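Asks: Structure: final_15.cif, mmCIF, C-alpha atoms.
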data_data
#
loop_
_atom_site.label_atom_id
_atom_site.label_comp_id
_atom_site.auth_asym_id
_atom_site.auth_seq_id
_atom_site.Cartn_x
_atom_site.Cartn_y
_atom_site.Cartn_z
CA MET F 513 -14.17 4.97 -17.89
CA ASN F 514 -11.64 7.66 -18.69
CA THR F 515 -10.97 10.47 -16.26
CA THR F 516 -12.13 13.85 -17.54
CA ALA F 517 -10.51 17.14 -16.55
CA THR F 518 -13.37 17.86 -14.14
CA ASP F 519 -13.17 14.38 -12.63
CA LEU F 520 -9.39 14.73 -12.31
CA ASP F 521 -9.72 18.02 -10.43
CA SER F 522 -12.12 16.32 -8.01
CA VAL F 523 -9.71 13.40 -7.54
CA LEU F 524 -6.75 15.67 -6.87
CA ILE F 525 -8.77 17.67 -4.34
CA ARG F 526 -9.82 14.47 -2.51
CA ALA F 527 -6.28 13.06 -2.35
CA VAL F 528 -4.65 13.53 1.05
CA PHE F 529 -0.94 14.08 0.47
CA ASP F 530 1.54 13.93 3.38
CA ALA F 531 3.63 16.88 4.64
CA ASN F 532 6.07 16.28 1.75
CA GLY F 533 3.27 16.38 -0.80
CA LEU F 534 3.37 12.62 -1.39
CA LEU F 535 0.76 9.87 -1.54
CA PRO F 536 1.73 6.21 -0.98
CA ALA F 537 0.85 4.17 -4.08
CA ILE F 538 0.40 0.43 -3.67
CA ILE F 539 0.83 -1.37 -6.99
CA GLN F 540 -1.13 -4.60 -7.43
CA GLU F 541 -1.01 -7.03 -10.35
CA GLU F 542 -4.42 -7.38 -11.98
CA SER F 543 -4.14 -11.04 -12.95
CA THR F 544 -2.91 -12.41 -9.60
CA LYS F 545 -3.95 -9.66 -7.14
CA GLN F 546 -0.38 -9.82 -5.77
CA VAL F 547 0.99 -6.61 -4.27
CA LEU F 548 4.04 -5.81 -6.39
CA MET F 549 5.51 -2.69 -4.86
CA LEU F 550 5.02 0.56 -3.01
CA GLY F 551 5.94 3.89 -4.55
CA TYR F 552 5.07 7.52 -3.95
CA MET F 553 3.17 10.00 -6.09
CA ASN F 554 2.85 13.72 -5.86
CA ALA F 555 -0.15 15.44 -7.46
CA GLU F 556 1.48 15.56 -10.89
CA ALA F 557 2.51 11.89 -10.80
CA LEU F 558 -1.05 11.00 -9.79
CA ARG F 559 -2.41 13.10 -12.66
CA ARG F 560 -0.08 11.41 -15.15
CA THR F 561 -0.92 7.93 -13.84
CA LEU F 562 -4.67 8.53 -14.14
CA THR F 563 -4.54 10.14 -17.58
CA GLU F 564 -1.70 8.39 -19.44
CA GLY F 565 -2.34 4.72 -18.68
CA ARG F 566 1.18 4.11 -17.31
CA VAL F 567 2.25 4.36 -13.66
CA THR F 568 4.34 7.43 -12.81
CA PHE F 569 6.02 7.95 -9.44
CA TRP F 570 7.91 10.73 -7.73
CA SER F 571 11.42 9.59 -6.80
CA ARG F 572 12.18 10.72 -3.26
CA SER F 573 15.91 10.09 -3.70
CA ARG F 574 16.37 11.65 -7.15
CA GLN F 575 13.66 14.30 -6.71
CA GLU F 576 12.24 13.66 -10.18
CA PHE F 577 9.42 11.84 -11.92
CA TRP F 578 9.97 8.29 -13.08
CA ARG F 579 7.66 6.22 -15.16
CA LYS F 580 7.99 2.54 -14.38
CA GLY F 581 9.64 0.69 -17.25
CA ASP F 582 11.05 3.59 -19.26
CA THR F 583 14.61 2.32 -18.81
CA SER F 584 14.06 -1.34 -17.84
CA GLY F 585 11.17 -2.13 -20.16
CA HIS F 586 9.28 -3.55 -17.15
CA ARG F 587 6.20 -1.44 -17.62
CA GLN F 588 3.07 -1.08 -15.56
CA TYR F 589 -0.13 -0.44 -17.50
CA VAL F 590 -2.95 0.99 -15.39
CA LYS F 591 -6.10 -1.15 -15.23
CA ALA F 592 -7.83 0.41 -12.19
CA ALA F 593 -7.22 2.78 -9.31
CA ALA F 594 -8.89 3.44 -5.96
CA PHE F 595 -8.21 5.54 -2.88
CA ASP F 596 -8.35 3.89 0.52
CA CYS F 597 -11.11 4.97 2.93
CA ASP F 598 -9.19 8.11 3.99
CA ALA F 599 -7.86 8.98 0.50
CA ASP F 600 -4.34 9.05 1.97
CA ALA F 601 -3.14 6.06 -0.07
CA ILE F 602 -3.95 4.77 -3.53
CA LEU F 603 -4.15 1.25 -4.90
CA VAL F 604 -3.24 1.04 -8.58
CA THR F 605 -4.04 -2.24 -10.31
CA VAL F 606 -1.76 -2.90 -13.27
CA ASP F 607 -0.83 -5.22 -16.07
CA GLN F 608 2.82 -5.82 -15.12
CA VAL F 609 5.30 -6.50 -17.93
CA GLY F 610 8.43 -8.16 -16.51
CA PRO F 611 9.55 -7.91 -12.89
CA ALA F 612 8.26 -5.02 -10.79
CA CYS F 613 11.28 -4.85 -8.48
CA HIS F 614 14.57 -3.20 -9.44
CA THR F 615 16.35 -6.29 -8.03
CA GLY F 616 14.80 -8.44 -10.75
CA ALA F 617 12.31 -10.08 -8.37
CA HIS F 618 8.74 -10.25 -9.63
CA ALA F 619 7.55 -8.22 -6.61
CA CYS F 620 9.49 -6.04 -4.19
CA PHE F 621 7.92 -7.97 -1.31
CA ASP F 622 9.48 -11.22 -2.59
CA VAL F 623 12.99 -9.95 -1.71
CA ASP F 624 12.99 -10.02 2.10
CA PRO F 625 10.23 -12.26 3.52
CA LEU F 626 9.84 -12.25 7.30
CA ASP F 627 8.69 -14.99 9.66
CA PRO F 628 5.96 -13.48 11.86
CA VAL F 629 3.78 -15.32 14.35
CA VAL F 630 0.73 -16.23 12.30
CA GLY F 631 -2.71 -15.61 13.77
CA GLY F 632 -6.10 -16.79 12.68
CA SER F 633 -9.79 -16.12 13.04
CA SER F 634 -9.99 -18.70 15.83
CA ASP F 635 -7.75 -16.53 18.03
CA SER F 636 -10.35 -15.47 20.59
CA HIS F 637 -8.11 -15.06 23.62
CA PRO F 638 -6.05 -11.88 23.95
CA GLU F 639 -3.26 -13.73 25.75
CA GLN F 640 -2.52 -15.57 22.47
CA GLY F 641 -1.34 -12.27 21.03
CA PHE F 642 1.73 -12.18 23.28
CA ILE F 643 4.97 -13.45 21.83
CA GLY F 644 6.43 -16.39 23.72
CA THR F 645 4.99 -19.34 25.54
CA GLU F 646 4.06 -17.72 28.85
CA THR F 647 0.75 -15.95 29.38
CA PRO F 648 1.20 -12.71 31.34
CA ASN F 649 -0.22 -12.81 34.85
CA PHE F 650 -2.61 -9.93 35.54
CA VAL F 651 -4.01 -11.39 38.80
CA ASP F 652 -4.77 -8.84 41.52
CA ASN F 653 -4.49 -5.99 39.05
CA GLU F 654 -7.24 -3.39 38.74
CA ILE F 655 -7.21 -3.80 34.97
CA ASP F 656 -8.64 -7.31 35.42
CA GLN F 657 -12.04 -5.65 35.80
CA VAL F 658 -11.87 -4.39 32.20
CA THR F 659 -11.97 -6.84 29.34
CA PHE F 660 -9.39 -6.57 26.59
CA GLY F 661 -12.19 -6.07 24.05
CA GLU F 662 -13.24 -2.89 25.82
CA LEU F 663 -9.69 -1.59 25.64
CA ASP F 664 -9.75 -1.94 21.85
CA GLU F 665 -12.86 0.21 21.43
#
Can the structure from this file be put into structure tokens for me?
Replies:
Amino acid sequence: MNTTATDLDSVLIRAVFDANGLLPAIIQEESTKQVLMLGYMNAEALRRTLTEGRVTFWSRSRQEFWRKGDTSGHRQYVKAAAFDCDADAILVTVDQVGPACHTGAHACFDVDPLDPVVGGSSDSHPEQGFIGTETPNFVDNEIDQVTFGELDE
């Protein structure tokens, strides 16, 4: 479905831009569902992305528009787009041609992987969330009367 002028006005009104007039744009590859990169769009970049079929960003460093692939040839063709639940970020699903990252990596998140503690759905005890091998001792503390689950609510 193509965005009409009326639809586009509604989209731009719903978008929640930050104090600098920018909206984080998460770019995801359609075929693999891999997150390729994060860029920023102002209202005009968002309009161009939704109406031209190619992803356009606002460069925070150069203070100008840039359309992914115009110089590198590594283009991003828009396949879908959706706001998050607060409309303060957008997910743009693309057909990626070539690497997405300026380093030559397929995805920007391939460049500097971290090694976090990995959790799982079987983690039912809050003390497992602490880093290290020791479980903190909360004995004789008033907070023992409140469960950790209640603190999260």
Asks: At what distance in Å, to one decimal, does atom CA of Gln540 of chain F lie from atom CA of Val606 of chain F?
Replies: 6.1 Å
Asks: So which one's closest to Ser573 of chain F, F:Gly551, F:Ala593, F:Ala599, F:Leu520? Using only C-alpha atoms, please.
Replies: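 Counting only C-alpha atoms, the residue closest to Ser573 of chain F is F:Gly551.
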Asks: Pick out the residues sitting within 6 Å of Ala537 of chain F, and hand them over as a list in words; count only C-alpha atoms, and ignore anything fewer than 4 positions along from it in its own chain.
Replies: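 Residues near the query, excluding close chain neighbours: Leu550, Gly551, Tyr552, Ala601, Ile602 and Leu603 of chain F.
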Asks: Using only C-alpha atoms, which of the listed residues (F:Pro625, F:Gly533, F:Gly581, F:Gly632) sits closest to Val609 of chain F?
Replies: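 Counting only C-alpha atoms, the residue closest to Val609 of chain F is F:Gly581.
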Asks: Ranking F:Cys620, F:Ala594, F:Ile525, F:Val630 by minimum distance to Leu562 of chain F and counting all atoms listed in the file, which one comes first?
Replies: F:Ala594
Asks: Enter the distance from atom CA of Gly565 of chain F to atom CA of Tyr589 of chain F, in Å, rounded to one decimal.
Replies: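 Taking atom CA of Gly565 of chain F and atom CA of Tyr589 of chain F, their separation equals 5.7 Å.
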Asks: Determine the residue set returned by the PyMOL selection byres ((chain F and resi 536) around 12) for the present structure, and present it as a VMD selection string.
Replies: chain F and resid 527 to 530 532 to 535 537 to 539 549 to 555 557 to 558 569 to 572 595 to 596 599 to 604
Asks: To one decimal in Å, tell me the separation between atom CA of Gly631 of chain F and atom CA of Lys545 of chain F.
Replies: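 Value for the atom CA of Gly631 of chain F-atom CA of Lys545 of chain F distance: 21.8 Å.
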Asks: Let me make sure I understand: among F:Leu548, F:Val567, F:Cys597, F:Val590, which one has the smallest atom-to-atom distance to Phe621 of chain F if we use only C-alpha atoms?
Replies: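 The closest residue to Phe621 of chain F is F:Leu548.
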Asks: Can you work out which one of F:Asp582, F:Thr544, F:Ser634, F:Ala592 has the shortest atom-to-atom distance to Ala619 of chain F, counting all atoms listed in the file?
Replies: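 Among the listed residues, the smallest separation from Ala619 of chain F belongs to F:Thr544.
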Asks: When you count all atoms listed in the file, which of these residues is closest to Arg560 of chain F: F:Ser584, F:Phe577, F:His618, F:Ala612?
Replies: F:Phe577
Asks: Reconstruct segment 613-635 of chain F at the level of N, CA and C atoms, and format the result as a tab-separated table (two decimals), keeping the file's coordinate frame.
Replies:
chain	number	residue	atom	x	y	z
F	613	CYS	N	10.22	-5.31	-9.38
F	613	CYS	CA	11.28	-4.85	-8.48
F	613	CYS	C	12.58	-4.58	-9.24
F	614	HIS	N	13.29	-3.55	-8.80
F	614	HIS	CA	14.57	-3.20	-9.44
F	614	HIS	C	15.64	-4.27	-9.22
F	615	THR	N	15.39	-5.20	-8.28
F	615	THR	CA	16.35	-6.29	-8.03
F	615	THR	C	16.18	-7.42	-9.06
F	616	GLY	N	15.11	-7.36	-9.81
F	616	GLY	CA	14.80	-8.44	-10.75
F	616	GLY	C	13.76	-9.40	-10.22
F	617	ALA	N	13.38	-9.26	-8.95
F	617	ALA	CA	12.31	-10.08	-8.37
F	617	ALA	C	10.97	-9.65	-8.97
F	618	HIS	N	10.05	-10.59	-9.06
F	618	HIS	CA	8.74	-10.25	-9.63
F	618	HIS	C	8.07	-9.12	-8.83
F	619	ALA	N	8.14	-9.23	-7.50
F	619	ALA	CA	7.55	-8.22	-6.61
F	619	ALA	C	8.59	-7.79	-5.59
F	620	CYS	N	8.54	-6.55	-5.19
F	620	CYS	CA	9.49	-6.04	-4.19
F	620	CYS	C	9.35	-6.78	-2.87
F	621	PHE	N	8.16	-7.28	-2.57
F	621	PHE	CA	7.92	-7.97	-1.31
F	621	PHE	C	8.36	-9.43	-1.35
F	622	ASP	N	8.91	-9.88	-2.49
F	622	ASP	CA	9.48	-11.22	-2.59
F	622	ASP	C	10.93	-11.23	-2.10
F	623	VAL	N	11.55	-10.07	-1.96
F	623	VAL	CA	12.99	-9.95	-1.71
F	623	VAL	C	13.39	-10.28	-0.28
F	624	ASP	N	12.59	-9.87	0.70
F	624	ASP	CA	12.99	-10.02	2.10
F	624	ASP	C	11.82	-10.52	2.95
F	625	PRO	N	11.37	-11.76	2.74
F	625	PRO	CA	10.23	-12.26	3.52
F	625	PRO	C	10.60	-12.43	4.99
F	626	LEU	N	9.66	-12.13	5.86
F	626	LEU	CA	9.84	-12.25	7.30
F	626	LEU	C	9.11	-13.50	7.81
F	627	ASP	N	9.30	-13.81	9.07
F	627	ASP	CA	8.69	-14.99	9.66
F	627	ASP	C	7.89	-14.59	10.90
F	628	PRO	N	6.74	-13.93	10.69
F	628	PRO	CA	5.96	-13.48	11.86
F	628	PRO	C	5.17	-14.63	12.50
F	629	VAL	N	4.73	-14.41	13.73
F	629	VAL	CA	3.78	-15.32	14.35
F	629	VAL	C	2.49	-15.17	13.57
F	630	VAL	N	1.92	-16.27	13.14
F	630	VAL	CA	0.73	-16.23	12.30
F	630	VAL	C	-0.50	-16.43	13.17
F	631	GLY	N	-1.45	-15.52	13.04
F	631	GLY	CA	-2.71	-15.61	13.77
F	631	GLY	C	-3.80	-16.16	12.88
F	632	GLY	N	-4.97	-16.29	13.44
F	632	GLY	CA	-6.10	-16.79	12.68
F	632	GLY	C	-7.40	-16.33	13.28
F	633	SER	N	-8.48	-16.57	12.57
F	633	SER	CA	-9.79	-16.12	13.04
F	633	SER	C	-10.23	-16.86	14.29
F	634	SER	N	-9.60	-17.97	14.62
F	634	SER	CA	-9.99	-18.70	15.83
F	634	SER	C	-9.30	-18.14	17.07
F	635	ASP	N	-8.43	-17.14	16.89
F	635	ASP	CA	-7.75	-16.53	18.03
F	635	ASP	C	-8.75	-15.66	18.79
